[in-house]
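Read through the structure below, which is laid out as C-alpha cells, and then see the notes.
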Amino acid sequence: MSPSTATGRAAGAPAAAPAPRPARPARPGRRRASLAGLWFVLPFAALFAVFLVWPMLAGLWTSFTDRSLASPGADFVGLANWREMLGDSAVWQSLWTTLVFTAISTPPLVAIALAMALLTNRAAAGLGWFLRLSYFAPFLLPVAVVALIWEWMYQPGFGMVNGLLTAAGLAEVAWLTDQNTVLAAIAITTVWWTVGFNFLLYLAALQGIPSYVYEAAALDGAGPWQRFTRITLPLLRRTTGLIVLLQIVASLKLFDQAYIMTNGSGGPGYAARPAIGYIFEAGFTGLRVGYASAISYLLFAVIVAVSLVQFRLFSRKGETA
Amino acid sequence: MSAATRTPRPPRTAPTGPPPAAARPRRLPRPTPGGVLAAVLGVFLAVVWLMPLVWAVLTSLKPEAETTAVPLRWLPLEPTFAAYQAVIERGDLQRWLLNSVVVSVLVTALTLVVCVLAAYAFSKTEFPGRAWLFALFVAGILVPPQALIVPLFDQMSVLGMVDTYWGVALPQVVAPVMVFILKRFFDAIPRDYEEAARLDGAGHLRVLWSVVVPMSGPVLAAVGIFTFVQAWNNFLWPFVATADPALMTVPVGLGTVQGSYGIQYAQEMAAAVLGALPLVAVFLLFQRHVVRGVTDAGLK
C-alpha cells in the first residue's frame with residue numbers, strides 16, 4: 001500500500017539498491033529438500049492468495065458481468081463494460097487528470113528533494129538534524145491531517161496562502177474552487193507532504209559518495225560547479241532514476257488527498273478526479289462493481305507497464321551492484 | 001548508501017569485513033562561504049516547510065472568532081486551549097487513535113511474523129515449488145492494491161469482514177516486497193551458523209528464532225517501522241472497509257467526519273495537531289531509526 005502515496009506516496013514499491021555484499025554464503029551445497037519450508041511459507045501464501053490473487057482474478061471475471069452492489073448475483077455481459085469504458089469520456093478525463101498531476105508534481109518532487117539533500121549534506125553538522133526534521137516531518141503526517149491543514153491555508157480571505165499573496169500585493173487565488181487551479185493546489189500540497197521521502201533517498205546516496213572523489217577533483221582544479229555537474233550528478237543518476245520511477249507509480253495512484261481536499265466531489269468540473277477517484281465513484285457511488293472492475297484493469301495495466309520499466313532497472317542494478 | 005545497515009552484524013569473534021566504503025559525511029573544518037550559503041538556504045527552505053505546521057498549531061490556539069480575522073495575524077491575541085478541550089470532549093478522536101493503534105500494531109506484528117517465516121523458508125530451506133512460488137510473490141510486488149479496491153471490497157463483503165478490525169488489517173499484511181527485502185538480508189547470513197545449530201539438533205523454528213532473528217536487528221527494525229508508518233497513514237482501504245465511525249482510523253475519521261467540525265477552524269487544527277502527534281513523537285524519539293527504516297525499506 002502506498003505509504004503512501006503518498007499516494008502519491010512513493011514507497012512500498014520495489015526499487016534498486018546495492019545487494020548486501022558481505023560474506024557470500026556458499027550457495028552450492030544443496031540442502032535436503034523437505035516440506036518444512038512449505039509450512040513456513042504457508043501463512044504468507046494464504047494471505048497472498050486470499051487478498052491479492054483472488055480479488056485480481058475475481059475482478060477480471062467481474063469486469064465481464066453486470067455485478068452490482070445493489071443486488072446479489074451477476075449476469076455475464078461479455079465485453080459490454082469494456083466497450084462502454086472506451087467510449088466513456090469521464091474515464092479518459094480521469095486518466096488525463098492523473099497524468100497531468102504526475103507531470104506537474106514529479107519535477108518539483110525530484111528537484112526540491114535534490115536541493116534539500118545537497119544543502120543538508122553541505123551545511124554544518126550541527127544543523128543537519130534540524131534540516132532533516134523540517135524536511136521530513138510532513139511525510140509522517142496522515143493524509144487527512146495534511147488535507148485539513150492545506151484546506152485551511154487555501155481559504156480565501158483568511159487563509160495563510162492568500163494572506164501572504166495579498167501581503168505581497170498580489171491577487172488572491174481561489175485555489176480549491178477554481179477548476180484551473182485545483183489540481184495545482186493539490187500538487188503543491190503533495191510536494192510539501194512527500195518530498196521528504198525523496199530527500200532521504202538522495203541524502204543517503206550523497207553520503208555514500210566517498211570524499212576522496214571530491215578531493216581528487218579539487219586537486220585537479222575543478223570548481224564547485226564542475227564538481228557538481230561532473231561528479232555529483234552522474235553519481236546520483238541511478239538514485240534519480242529510481243526516485244522518478246517511484247514517483248510516477250505513486251502519482252498514478254493519486255486518490256487520498258484529491259478526494260479529501262475536494263470533499264469527495266472531484267473538484268469543480270471534476271478537474272481533480274483522478275483515475276482511482278472515478279473507479280471509486282463507479283463502484284461505491286454508482287454501485288456498478290462490474291464496470292468499476294473494468295476501469296480498474298485499465299489503470300492496473302498502465303501501472304504494471306510503468307512498474308515493469310522500474311523492475312528492469314532494478315534487476316540491472318542487481319547485476320552490477 | 002548505508003550499506004552497513006543492510007548487512008548482518010558480523011559475528012563478534014570473526015574478523016570484520018572490509019570497512020564500509022567511506023560513508024561519512026564530509027566535515028568542513030571551518031565555515032567556508034559555500035557552507036554559509038548552504039546553511040542560509042537550507043534554513044530558509046526549512047522555514048518554508050515548517051510554516052504550514054506552525055500556522056496550524058497557532059490557529060489551534062486561537063479562539064474561533066480570531067481564526068477568520070482579516071488581515072490575518074500569526075499570533076493569537078488571546079491564546080486558549082478551548083479548541084483542544086472541545087475536540088477531546090467530543091471523544092471521536094480518542095476512539096480513532098485507539099483504532100489506529102490497534103490496526104497498525106496488528107498489521108506490523110502480522111507482517112513481521114508472516115514475512116519473516118516466508119523469507120526464512122525461501123532463503124534457508126529447500127522445498128518443492130520454491131522457485132516458482134518466489135517468482136509469483138516477486139511478481140506480486142507489481143500489483144497496485146489501490147487499483148483493486150472495488151473487487152477487494154466485493155470479496156470482503158462476501159467474507160463478512162467489512163467493518164471489522166481484521167477486515168481493515170489483513171489486506172495490508174500482504175506485502176511481498178517485505179518478503180523480498182528480508183530474504184535478501186537472510187541470504188547474506190553465512191550458512192555455517194545455521195548448520196552449526198542444525199548439527200546441535202535445532203529445528204528450523206529454533207534456528208530462525210535463535211540464530212537468524214538475533215542477527216537481523218536492523219532489517220527487522222526497518223521493515224517494522226516502515227510497515228507501521230504505512231499502516232498508520234493508510235487511507236483508502238480503511239476508508240472503504242469501514243462505514244462505522246466507531247471503527248475508523250485517524251486518517252479516515254479526520255478525512256471524512258470533518259463536517260462535524262462545521263467551520264470551526266481552530267477545532268479542525270486542534271484535531272489535526274492531535275492526530276499528527278503520535279507519529280511525530282515517535283519520529284522525535286527514534287529519529288535515526290525512522291530515517292534508516294524509511295530509506296532502507298523504501299529503497300528496495
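Within each chain, counting starts at residue 1; across the C-alpha cells, chains are named A, B, ... in the order shown, with ligands numbered 1 upward in that order.
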
I need the helix (DSSP H, G or I) residues of range 56-275 of chain B per DSSP on the backbone, written as number ranges by chain. B: 56-60, 64-67, 82-90, 92-124, 130-140, 145-158, 165-173, 176-187, 191-199, 204-233, 236-241, 245-247, 250-256, 258-261, 265-275

Please identify all polymer residues within 8 Å of range 63-73 of chain B, counting only C-alpha atoms, omitting same-chain residues fewer than 4 positions from it, and present them as JSON, numbers by chain. {"A": [157, 158, 159, 160, 163], "B": [59, 77, 78, 79, 80, 82, 83, 264, 265, 266, 267]}

Kindly export the residues of the current selection with N, CA and C atoms, as an mmCIF file, in the first residue's frame.
data_model
loop_
_atom_site.group_PDB
_atom_site.id
_atom_site.type_symbol
_atom_site.label_atom_id
_atom_site.label_comp_id
_atom_site.auth_asym_id
_atom_site.auth_seq_id
_atom_site.Cartn_x
_atom_site.Cartn_y
_atom_site.Cartn_z
ATOM 1 N N GLY A 157 -9.453 34.843 1.628
ATOM 2 C CA GLY A 157 -9.601 35.840 2.682
ATOM 3 C C GLY A 157 -8.682 35.633 3.860
ATOM 4 N N PHE A 158 -9.004 34.644 4.702
ATOM 5 C CA PHE A 158 -8.218 34.493 5.931
ATOM 6 C C PHE A 158 -7.276 33.304 5.913
ATOM 7 N N GLY A 159 -7.135 32.626 4.764
ATOM 8 C CA GLY A 159 -6.164 31.528 4.675
ATOM 9 C C GLY A 159 -4.750 32.072 4.570
ATOM 10 N N MET A 160 -3.764 31.276 4.990
ATOM 11 C CA MET A 160 -2.406 31.783 5.022
ATOM 12 C C MET A 160 -1.849 32.051 3.634
ATOM 13 N N GLY A 163 -3.313 35.092 2.324
ATOM 14 C CA GLY A 163 -2.829 36.177 3.182
ATOM 15 C C GLY A 163 -1.446 36.631 2.753
ATOM 16 N N THR B 59 -3.090 28.427 14.823
ATOM 17 C CA THR B 59 -4.538 28.524 14.641
ATOM 18 C C THR B 59 -5.275 27.766 15.740
ATOM 19 N N LEU B 77 -4.232 36.524 19.717
ATOM 20 C CA LEU B 77 -4.306 37.634 20.666
ATOM 21 C C LEU B 77 -4.553 37.109 22.069
ATOM 22 N N GLU B 78 -5.505 36.171 22.129
ATOM 23 C CA GLU B 78 -5.795 35.567 23.435
ATOM 24 C C GLU B 78 -5.649 34.060 23.296
ATOM 25 N N PRO B 79 -4.451 33.564 23.499
ATOM 26 C CA PRO B 79 -4.235 32.121 23.331
ATOM 27 C C PRO B 79 -5.113 31.315 24.279
ATOM 28 N N THR B 80 -5.651 30.214 23.758
ATOM 29 C CA THR B 80 -6.541 29.402 24.573
ATOM 30 C C THR B 80 -6.480 27.949 24.122
ATOM 31 N N ALA B 82 -9.142 26.153 24.291
ATOM 32 C CA ALA B 82 -10.566 25.816 24.168
ATOM 33 C C ALA B 82 -10.807 24.826 23.031
ATOM 34 N N ALA B 83 -10.113 25.019 21.906
ATOM 35 C CA ALA B 83 -10.342 24.133 20.765
ATOM 36 C C ALA B 83 -9.961 22.702 21.111
ATOM 37 N N GLN B 264 -15.346 25.395 12.165
ATOM 38 C CA GLN B 264 -14.582 25.816 13.329
ATOM 39 C C GLN B 264 -13.123 25.460 13.104
ATOM 40 N N TYR B 265 -12.417 26.424 12.522
ATOM 41 C CA TYR B 265 -11.055 26.126 12.091
ATOM 42 C C TYR B 265 -10.127 25.815 13.251
ATOM 43 N N ALA B 266 -10.291 26.508 14.355
ATOM 44 C CA ALA B 266 -9.417 26.241 15.494
ATOM 45 C C ALA B 266 -9.559 24.786 15.923
ATOM 46 N N GLN B 267 -10.817 24.292 15.927
ATOM 47 C CA GLN B 267 -11.016 22.904 16.323
ATOM 48 C C GLN B 267 -10.458 21.948 15.281
#

At a cut-off of 9 Å, using only C-alpha atoms, what residues contact Ala271 in chain B? Leave out same-chain residues fewer than 6 positions from it and give the result as number ranges by chain. A: 145; B: 60, 83-84, 87-88, 93, 254
